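S.K.: Below is the file my_file24.cif, which contains mmCIF, C-alpha atoms.
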data_run
loop_
_atom_site.label_atom_id
_atom_site.label_comp_id
_atom_site.auth_asym_id
_atom_site.auth_seq_id
_atom_site.Cartn_x
_atom_site.Cartn_y
_atom_site.Cartn_z
CA MET A 20 -8.29 -30.09 -63.01
CA ALA A 21 -10.31 -31.77 -65.78
CA ALA A 22 -8.99 -35.07 -67.08
CA GLN A 23 -7.03 -34.99 -70.34
CA ARG A 24 -5.92 -37.56 -72.89
CA LEU A 25 -2.79 -39.31 -71.77
CA ASP A 26 -0.90 -38.66 -75.02
CA LYS A 27 -1.70 -34.93 -74.75
CA ILE A 28 -0.43 -34.76 -71.16
CA ILE A 29 2.87 -36.48 -71.91
CA ALA A 30 3.50 -34.68 -75.21
CA SER A 31 2.98 -31.31 -73.49
CA MET A 32 6.25 -31.90 -71.62
CA GLY A 33 8.09 -31.42 -74.92
CA ARG A 34 10.20 -34.57 -74.76
CA TRP A 35 8.08 -36.70 -77.08
CA SER A 36 5.68 -36.09 -79.94
CA ARG A 37 2.10 -37.40 -79.77
CA ARG A 38 3.08 -40.19 -82.18
CA GLU A 39 6.07 -41.16 -80.01
CA VAL A 40 3.86 -41.20 -76.92
CA LYS A 41 1.44 -43.58 -78.61
CA ASP A 42 4.35 -45.90 -79.41
CA LEU A 43 5.54 -45.75 -75.80
CA ILE A 44 2.07 -46.66 -74.56
CA ARG A 45 1.78 -49.57 -76.99
CA GLN A 46 5.14 -50.84 -75.76
CA GLY A 47 3.91 -50.79 -72.15
CA ARG A 48 6.42 -48.15 -71.12
CA VAL A 49 3.87 -45.73 -69.65
CA THR A 50 2.16 -46.22 -66.30
CA VAL A 51 -0.58 -44.26 -64.56
CA ASP A 52 -0.70 -44.69 -60.79
CA GLY A 53 1.53 -47.72 -61.18
CA VAL A 54 -0.70 -49.45 -63.75
CA PRO A 55 0.37 -49.79 -67.41
CA ALA A 56 -1.61 -47.43 -69.62
CA ARG A 57 -4.07 -49.12 -71.96
CA SER A 58 -4.26 -46.56 -74.76
CA ALA A 59 -3.34 -43.04 -75.77
CA GLU A 60 -7.00 -42.04 -75.42
CA GLU A 61 -7.02 -42.97 -71.73
CA LYS A 62 -7.73 -39.90 -69.61
CA ALA A 63 -6.12 -38.73 -66.39
CA ASP A 64 -5.94 -35.66 -64.19
CA PRO A 65 -2.35 -34.45 -64.72
CA GLU A 66 -2.35 -32.68 -61.36
CA GLN A 67 -3.39 -35.81 -59.44
CA ALA A 68 -2.24 -38.86 -61.40
CA VAL A 69 1.24 -40.33 -60.99
CA ILE A 70 2.44 -40.75 -64.57
CA ALA A 71 5.75 -42.44 -65.40
CA VAL A 72 7.57 -43.14 -68.66
CA ASN A 73 10.22 -45.85 -68.60
CA GLY A 74 9.95 -45.78 -64.82
CA GLU A 75 10.71 -42.04 -64.64
CA LEU A 76 8.05 -39.91 -62.98
CA LEU A 77 6.85 -36.93 -65.04
CA ASN A 78 6.98 -33.57 -63.32
CA TRP A 79 3.96 -32.14 -65.12
CA ARG A 80 3.15 -28.45 -64.81
CA ARG A 81 0.32 -26.46 -66.33
CA TYR A 82 2.57 -23.56 -67.29
CA THR A 83 6.32 -23.22 -67.61
CA TRP A 84 8.29 -20.20 -66.42
CA VAL A 85 12.01 -19.93 -67.16
CA MET A 86 14.55 -17.46 -65.82
CA LEU A 87 17.33 -16.87 -68.34
CA ASN A 88 20.52 -14.91 -67.80
CA LYS A 89 20.60 -13.51 -71.31
CA PRO A 90 24.01 -12.97 -72.91
CA ALA A 91 24.71 -10.40 -75.60
CA GLY A 92 24.25 -11.52 -79.19
CA TYR A 93 20.82 -13.15 -78.88
CA LEU A 94 17.50 -11.74 -80.05
CA SER A 95 14.51 -11.69 -77.71
CA ALA A 96 12.16 -13.44 -80.11
CA THR A 97 10.66 -16.86 -80.74
CA GLU A 98 12.19 -16.99 -84.21
CA ASP A 99 14.09 -14.51 -86.35
CA GLY A 100 15.92 -14.87 -89.63
CA ARG A 101 18.50 -12.29 -88.56
CA GLY A 102 20.28 -14.46 -86.02
CA ALA A 103 20.10 -16.68 -82.95
CA THR A 104 17.24 -16.13 -80.50
CA VAL A 105 17.04 -16.66 -76.76
CA LEU A 106 15.12 -19.89 -77.38
CA ASP A 107 18.29 -21.33 -78.93
CA LEU A 108 19.78 -21.27 -75.42
CA LEU A 109 17.16 -23.72 -74.15
CA PRO A 110 17.01 -27.52 -74.59
CA GLN A 111 14.63 -29.00 -77.14
CA ASP A 112 12.05 -30.12 -74.57
CA LEU A 113 11.57 -26.52 -73.41
CA GLN A 114 11.65 -25.12 -76.94
CA ARG A 115 8.72 -27.39 -77.80
CA GLN A 116 6.54 -25.98 -75.00
CA GLY A 117 5.61 -22.79 -76.82
CA LEU A 118 7.67 -20.44 -74.68
CA PHE A 119 8.03 -16.77 -75.59
CA PRO A 120 9.96 -13.90 -73.96
CA VAL A 121 8.14 -11.76 -71.39
CA GLY A 122 9.29 -8.47 -72.87
CA ARG A 123 12.43 -7.81 -74.84
CA LEU A 124 16.05 -7.10 -74.17
CA ASP A 125 18.15 -5.62 -76.97
CA LYS A 126 20.56 -7.94 -78.75
CA ASP A 127 23.49 -6.34 -76.91
CA THR A 128 21.70 -6.12 -73.53
CA GLU A 129 22.24 -8.83 -70.93
CA GLY A 130 20.58 -10.09 -67.77
CA LEU A 131 17.20 -11.20 -66.51
CA LEU A 132 14.75 -12.39 -69.14
CA LEU A 133 11.67 -14.45 -68.37
CA LEU A 134 10.18 -16.92 -70.83
CA THR A 135 6.82 -18.59 -70.43
CA ASN A 136 3.80 -20.12 -72.12
CA GLU A 137 1.36 -18.53 -69.67
CA GLY A 138 -0.09 -15.70 -71.70
CA GLY A 139 -2.37 -14.19 -69.06
CA LEU A 140 0.23 -13.37 -66.42
CA ALA A 141 2.83 -12.43 -69.02
CA HIS A 142 0.45 -9.89 -70.54
CA GLU A 143 -0.26 -8.35 -67.14
CA LEU A 144 3.43 -8.08 -66.26
CA LEU A 145 3.94 -6.18 -69.53
CA SER A 146 0.89 -3.98 -69.12
CA PRO A 147 1.78 -0.30 -68.50
CA LYS A 148 -1.23 -0.11 -66.18
CA LYS A 149 0.46 -2.49 -63.72
CA HIS A 150 3.65 -0.37 -63.36
CA VAL A 151 5.84 -3.37 -62.61
CA ASP A 152 9.35 -2.19 -61.72
CA LYS A 153 12.22 -3.15 -63.99
CA GLU A 154 15.67 -2.49 -62.57
CA TYR A 155 18.88 -2.24 -64.60
CA TYR A 156 22.57 -1.81 -64.05
CA VAL A 157 23.98 0.66 -66.56
CA ARG A 158 27.43 1.95 -67.44
CA VAL A 159 27.64 5.15 -69.47
CA ALA A 160 30.23 7.42 -71.05
CA GLY A 161 30.44 10.66 -69.11
CA ARG A 162 29.87 11.91 -65.58
CA LEU A 163 26.43 11.31 -64.10
CA THR A 164 25.21 14.06 -61.78
CA GLU A 165 22.40 14.72 -59.37
CA ALA A 166 20.88 16.89 -62.08
CA ASP A 167 20.57 13.76 -64.22
CA SER A 168 18.84 11.95 -61.36
CA ALA A 169 16.47 14.88 -60.95
CA ALA A 170 15.70 14.86 -64.66
CA PHE A 171 14.81 11.16 -64.47
CA ALA A 172 12.63 11.78 -61.43
CA ALA A 173 10.75 14.61 -63.15
CA GLY A 174 10.12 12.63 -66.33
CA LEU A 175 11.88 13.39 -69.60
CA HIS A 176 10.40 14.72 -72.84
CA LEU A 177 12.84 13.58 -75.51
CA ASP A 178 13.57 15.39 -78.76
CA ASP A 179 12.09 12.49 -80.74
CA GLY A 180 8.74 13.02 -79.03
CA LEU A 181 8.99 10.24 -76.44
CA VAL A 182 7.41 11.25 -73.13
CA CYS A 183 8.88 9.28 -70.25
CA GLN A 184 7.19 8.81 -66.92
CA PRO A 185 9.21 9.60 -63.77
CA ALA A 186 11.95 7.03 -63.18
CA GLU A 187 14.82 6.50 -60.75
CA LEU A 188 18.50 6.99 -61.55
CA ARG A 189 20.66 5.91 -58.61
CA ILE A 190 24.27 6.89 -59.25
CA LEU A 191 26.85 4.31 -58.14
CA THR A 192 30.03 5.89 -59.50
CA SER A 193 30.70 9.07 -61.45
CA GLY A 194 33.69 9.85 -63.65
CA GLU A 195 34.77 9.58 -67.27
CA GLU A 196 32.61 6.49 -67.19
CA SER A 197 29.77 6.27 -64.67
CA GLU A 198 27.67 3.48 -63.23
CA ALA A 199 24.09 3.60 -62.02
CA ARG A 200 20.93 1.69 -61.29
CA VAL A 201 17.86 2.64 -63.30
CA ILE A 202 14.35 1.71 -62.22
CA LEU A 203 11.51 2.08 -64.71
CA ARG A 204 7.80 1.52 -64.20
CA GLU A 205 7.22 1.46 -67.93
CA GLY A 206 9.42 0.23 -70.73
CA LYS A 207 9.18 1.91 -74.09
CA PHE A 208 11.37 0.91 -77.01
CA HIS A 209 15.09 1.49 -76.24
CA GLN A 210 13.92 3.74 -73.40
CA ILE A 211 16.99 3.73 -71.15
CA LYS A 212 19.38 4.22 -74.03
CA ARG A 213 17.28 7.05 -75.43
CA MET A 214 16.92 8.79 -72.05
CA LEU A 215 20.63 8.70 -71.27
CA ALA A 216 21.61 9.68 -74.81
CA TYR A 217 19.31 12.70 -74.43
CA LEU A 218 21.30 13.67 -71.32
CA GLY A 219 24.56 13.29 -73.25
CA LYS A 220 25.61 10.07 -71.47
CA PRO A 221 25.50 7.26 -74.08
CA VAL A 222 25.08 3.75 -72.72
CA LEU A 223 28.13 1.48 -72.87
CA TYR A 224 26.63 -1.52 -71.11
CA LEU A 225 23.16 -2.49 -69.91
CA GLU A 226 21.96 -5.38 -67.79
CA ARG A 227 18.53 -6.08 -66.33
CA VAL A 228 18.85 -7.30 -62.75
CA ARG A 229 15.26 -7.30 -61.46
CA MET A 230 11.69 -7.52 -62.67
CA GLY A 231 9.07 -6.78 -60.04
CA ASN A 232 10.09 -8.78 -56.97
CA LEU A 233 12.19 -11.26 -58.94
CA LEU A 234 15.96 -10.81 -58.85
CA LEU A 235 18.37 -12.28 -61.37
CA ASP A 236 19.73 -15.42 -59.72
CA PRO A 237 23.43 -14.74 -58.97
CA VAL A 238 24.19 -18.44 -59.41
CA LEU A 239 23.14 -18.38 -63.06
CA GLU A 240 26.06 -17.90 -65.40
CA ARG A 241 25.56 -15.84 -68.54
CA GLY A 242 23.57 -17.93 -70.99
CA ALA A 243 22.29 -20.29 -68.29
CA TYR A 244 18.66 -20.80 -67.27
CA ARG A 245 16.50 -22.43 -64.63
CA LEU A 246 12.81 -22.95 -63.97
CA LEU A 247 11.08 -20.59 -61.59
CA THR A 248 10.06 -22.07 -58.26
CA LYS A 249 6.41 -22.19 -57.28
CA GLU A 250 7.09 -19.46 -54.72
CA GLU A 251 8.67 -17.20 -57.34
CA TRP A 252 5.72 -17.68 -59.68
CA GLN A 253 3.29 -16.88 -56.88
CA ALA A 254 5.24 -13.72 -56.02
CA LEU A 255 5.02 -12.58 -59.65
CA ALA A 256 1.30 -13.32 -59.72
CA LYS A 257 0.75 -11.15 -56.64
CA LEU A 258 2.14 -8.14 -58.52
CA THR A 259 -1.11 -7.93 -60.45
CA GLU A 260 -4.22 -6.79 -58.62
CA GLU A 261 -7.02 -8.18 -60.76
CA THR A 262 -8.17 -11.77 -60.66
CA ARG A 263 -6.88 -13.41 -63.78
CA LYS A 264 -7.80 -16.50 -65.72
CA PRO A 265 -4.48 -17.76 -67.11
CA ARG A 266 -4.41 -18.86 -70.71
CA ASN A 267 -1.84 -19.86 -73.28
CA PHE A 268 -1.12 -17.64 -76.26
CA ASN A 269 -0.75 -19.47 -79.52
CA LYS A 270 2.19 -18.60 -81.73
CA LYS A 271 0.26 -15.97 -83.68
CA GLU A 272 -0.79 -14.23 -80.47
CA SER A 273 2.74 -14.46 -79.01
CA ASP A 274 4.27 -12.88 -82.11
CA PHE A 275 1.65 -10.12 -81.97
CA LEU A 276 2.50 -9.42 -78.32
CA LEU A 277 6.19 -9.09 -79.13
CA LYS A 278 5.48 -6.87 -82.15
CA LYS A 279 3.10 -4.67 -80.16
CA GLU A 280 5.66 -4.34 -77.38
CA LYS A 281 8.16 -2.81 -79.77
CA THR A 282 5.97 0.25 -80.26
CA SER A 283 4.25 0.55 -76.88
CA CYS A 284 4.95 0.43 -73.15
CA ASN A 285 6.58 -2.90 -72.48
CA PRO A 286 9.95 -3.81 -70.97
CA THR A 287 12.24 -2.95 -73.89
CA LYS A 288 15.06 -0.52 -74.09
#
Let me see the structure of the file written as structure tokens.
M.R.:
Amino acid sequence: MAAQRLDKIIASMGRWSRREVKDLIRQGRVTVDGVPARSAEEKADPEQAVIAVNGELLNWRRYTWVMLNKPAGYLSATEDGRGATVLDLLPQDLQRQGLFPVGRLDKDTEGLLLLTNEGGLAHELLSPKKHVDKEYYVRVAGRLTEADSAAFAAGLHLDDGLVCQPAELRILTSGEESEARVILREGKFHQIKRMLAYLGKPVLYLERVRMGNLLLDPVLERGAYRLLTKEEWQALAKLTEETRKPRNFNKKESDFLLKKEKTSCNPTK
């Protein structure tokens, strides 16, 4: 990777501002390959250099991917005047890294939500052309039947004009309240809720449990998060067929992606 300014590398971790990094360097508290840094303008390859601040090695990464077990009550947005967002569940150092949600979950929907600052892969995971599976656990009012599963498999044409591609409805229990797994290969706005309401089985609870080949970590408590492993990121990347040049989205582009997703085929319900 091309060498970058030392203050840019350290500030990208989100723990210090560029000004704070310059102060740290002046105070001799930053080393590169064991040697005290001379200035903020000094350049290094962040993938090769051993950079330490106050003796603590920096675990630099080009892009950040976070798995969040989203609780109800939080909006899938980077900022919103209506209430708390999923970013409020993260520490300040991650919030400063320009993360945005990969798709949306409704305020009352829980489960797997990815956040990242890697725009290229995020865009491809949301692209309807990629048909990345999204799996949900759902509890509804009313008795689910094999006829409902067949309707999902055939593809529904809703009264509001929404045309849904074939999907899977795997019934787990059936009674006054029923449970099922739903697998979509698209994700239009409120899609699962709209599909089941059309069948007369309103959704009582909804949780996303899988996206592509990535399962919600059972160890994560509701509201908790962790970074994706390198292997998990590589598995997500393999879901897309085309060679991609990753890039960051700036805030304006990220907000546009989230707005566009609300009216097109992205993982929302």
S.K.: For the PyMOL selection byres ((chain A and resi 89) around 7), applied here, can you spell out every residue it catches as a ChimeraX atom specification?
M.R.: /A:87-88,90-91,129-132,241-242
S.K.: Quick one: pull the distance between CA of Ala186 in chain A and CA of Gly219 in chain A, Å, one decimal.
M.R.: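 CA of Gly219 in chain A lies at a distance of 17.3 Å from CA of Ala186 in chain A.
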S.K.: Got a sec: who's within 10 Å of Gln111 in chain A, counting all atoms listed in the file, leaving out chain neighbours fewer than 4 positions off, as number ranges by chain?
M.R.: A: 33-34, 106-107, 115-116
S.K.: Write a file of the selected residues as a CSV table (one decimal), in the coordinates of the input, keeping C-alpha atoms.
M.R.:
chain,number,residue,atom,x,y,z
A,33,GLY,CA,8.1,-31.4,-74.9
A,34,ARG,CA,10.2,-34.6,-74.8
A,106,LEU,CA,15.1,-19.9,-77.4
A,107,ASP,CA,18.3,-21.3,-78.9
A,115,ARG,CA,8.7,-27.4,-77.8
A,116,GLN,CA,6.5,-26.0,-75.0
S.K.: Separation of CA of Leu215 in chain A and CA of Leu177 in chain A, in Å?
M.R.: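 Computing the Euclidean distance for CA of Leu215 in chain A and CA of Leu177 in chain A yields 10.1 Å.
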S.K.: At a cut-off of 12 Å, using all atoms listed in the file, what residues contact Arg24 in chain A? Leave out same-chain residues fewer than 2 positions from it and give the result as an mmCIF file with C-alpha atoms, in the frame of the given file.
M.R.:
data_model
loop_
_atom_site.group_PDB
_atom_site.id
_atom_site.type_symbol
_atom_site.label_atom_id
_atom_site.label_comp_id
_atom_site.auth_asym_id
_atom_site.auth_seq_id
_atom_site.Cartn_x
_atom_site.Cartn_y
_atom_site.Cartn_z
ATOM 1 C CA ALA A 21 -10.310 -31.770 -65.780
ATOM 2 C CA ALA A 22 -8.990 -35.070 -67.080
ATOM 3 C CA ASP A 26 -0.900 -38.660 -75.020
ATOM 4 C CA LYS A 27 -1.700 -34.930 -74.750
ATOM 5 C CA ILE A 28 -0.430 -34.760 -71.160
ATOM 6 C CA ILE A 29 2.870 -36.480 -71.910
ATOM 7 C CA ALA A 30 3.500 -34.680 -75.210
ATOM 8 C CA SER A 31 2.980 -31.310 -73.490
ATOM 9 C CA ARG A 37 2.100 -37.400 -79.770
ATOM 10 C CA VAL A 40 3.860 -41.200 -76.920
ATOM 11 C CA LYS A 41 1.440 -43.580 -78.610
ATOM 12 C CA VAL A 51 -0.580 -44.260 -64.560
ATOM 13 C CA ALA A 56 -1.610 -47.430 -69.620
ATOM 14 C CA ARG A 57 -4.070 -49.120 -71.960
ATOM 15 C CA SER A 58 -4.260 -46.560 -74.760
ATOM 16 C CA ALA A 59 -3.340 -43.040 -75.770
ATOM 17 C CA GLU A 60 -7.000 -42.040 -75.420
ATOM 18 C CA GLU A 61 -7.020 -42.970 -71.730
ATOM 19 C CA LYS A 62 -7.730 -39.900 -69.610
ATOM 20 C CA ALA A 63 -6.120 -38.730 -66.390
ATOM 21 C CA ASP A 64 -5.940 -35.660 -64.190
ATOM 22 C CA PRO A 65 -2.350 -34.450 -64.720
#
S.K.: Kindly compute an axis-aligned box around the listed atoms of range 176-188 of chain A, allowing 8 Å on each side, and express its centre and edge lengths in Å to one decimal as AutoDock Vina command-line options.
M.R.:
--center_x 12.8 --center_y 10.9 --center_z -70.7 --size_x 27.3 --size_y 24.9 --size_z 36.0
S.K.: Give the answer as one residue: which of A:Glu39, A:Pro221, A:Val69, A:Leu118 has the shortest atom-to-atom distance to Gly53 in chain A, using all atoms listed in the file?
M.R.: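 Ranked by minimum distance to Gly53 in chain A, first place goes to A:Val69.
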S.K.: Hey, what comes out of the PyMOL selection byres ((chain A and resi 225) around 12) on this file? Could you write it as a ChimeraX atom specification?
M.R.: /A:89-91,124-131,154-159,198-201,209-212,215,221-224,226-228,287-288
S.K.: Hey, which of A:Ile70, A:Ile190, A:Leu108, A:Leu133 ends up closest to Leu247 in chain A? Count only C-alpha atoms.
M.R.: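 So, comparing all the options, the nearest one is A:Leu133.
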S.K.: Using only C-alpha atoms, collect all residues at a distance of at most 9 Å from (6.8, -26.5, -72.5) as written in the file, then present them as a PyMOL selection string.
M.R.: chain A and resi 31-33+80-84+112-118+135-136
S.K.: From the options A:Leu246, A:Leu181, A:Leu234, A:Leu191, which residue's atoms come nearest to Glu165 in chain A, counting all atoms listed in the file?
M.R.: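 Closest to Glu165 in chain A of all the choices is A:Leu191.
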S.K.: Which residues would end up in the selection if the PyMOL selection byres ((chain A and resi 183) around 12) were applied here, given that I need the answer as a ChimeraX atom specification?
M.R.: /A:170-182,184-187,203-211,213-215,217,283-284
S.K.: Just how far from CA of Glu251 in chain A is CA of Leu144 in chain A, in Å to one decimal?
M.R.: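 Separation of CA of Leu144 in chain A and CA of Glu251 in chain A: 13.8 Å.
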S.K.: For a quick check of understanding, using all atoms listed in the file, which of A:Leu94, A:Thr259, A:Arg189, A:Gly102 has the smallest distance to Ala169 in chain A?
M.R.: A:Arg189
S.K.: Restricting the calculation to only C-alpha atoms, which member of A:Leu239, A:Gln46, A:Glu66, A:Glu137 is positioned closest to Trp79 in chain A?
M.R.: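 Comparing A:Leu239, A:Gln46, A:Glu66, A:Glu137 against Trp79 in chain A, the winner is A:Glu66.
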S.K.: Return the single residue from A:Leu140, A:Lys220, A:Pro147, A:Glu240 that is closest to Ala254 in chain A, with distances computed using all atoms listed in the file.
M.R.: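 Smallest separation from Ala254 in chain A among the options: A:Leu140.
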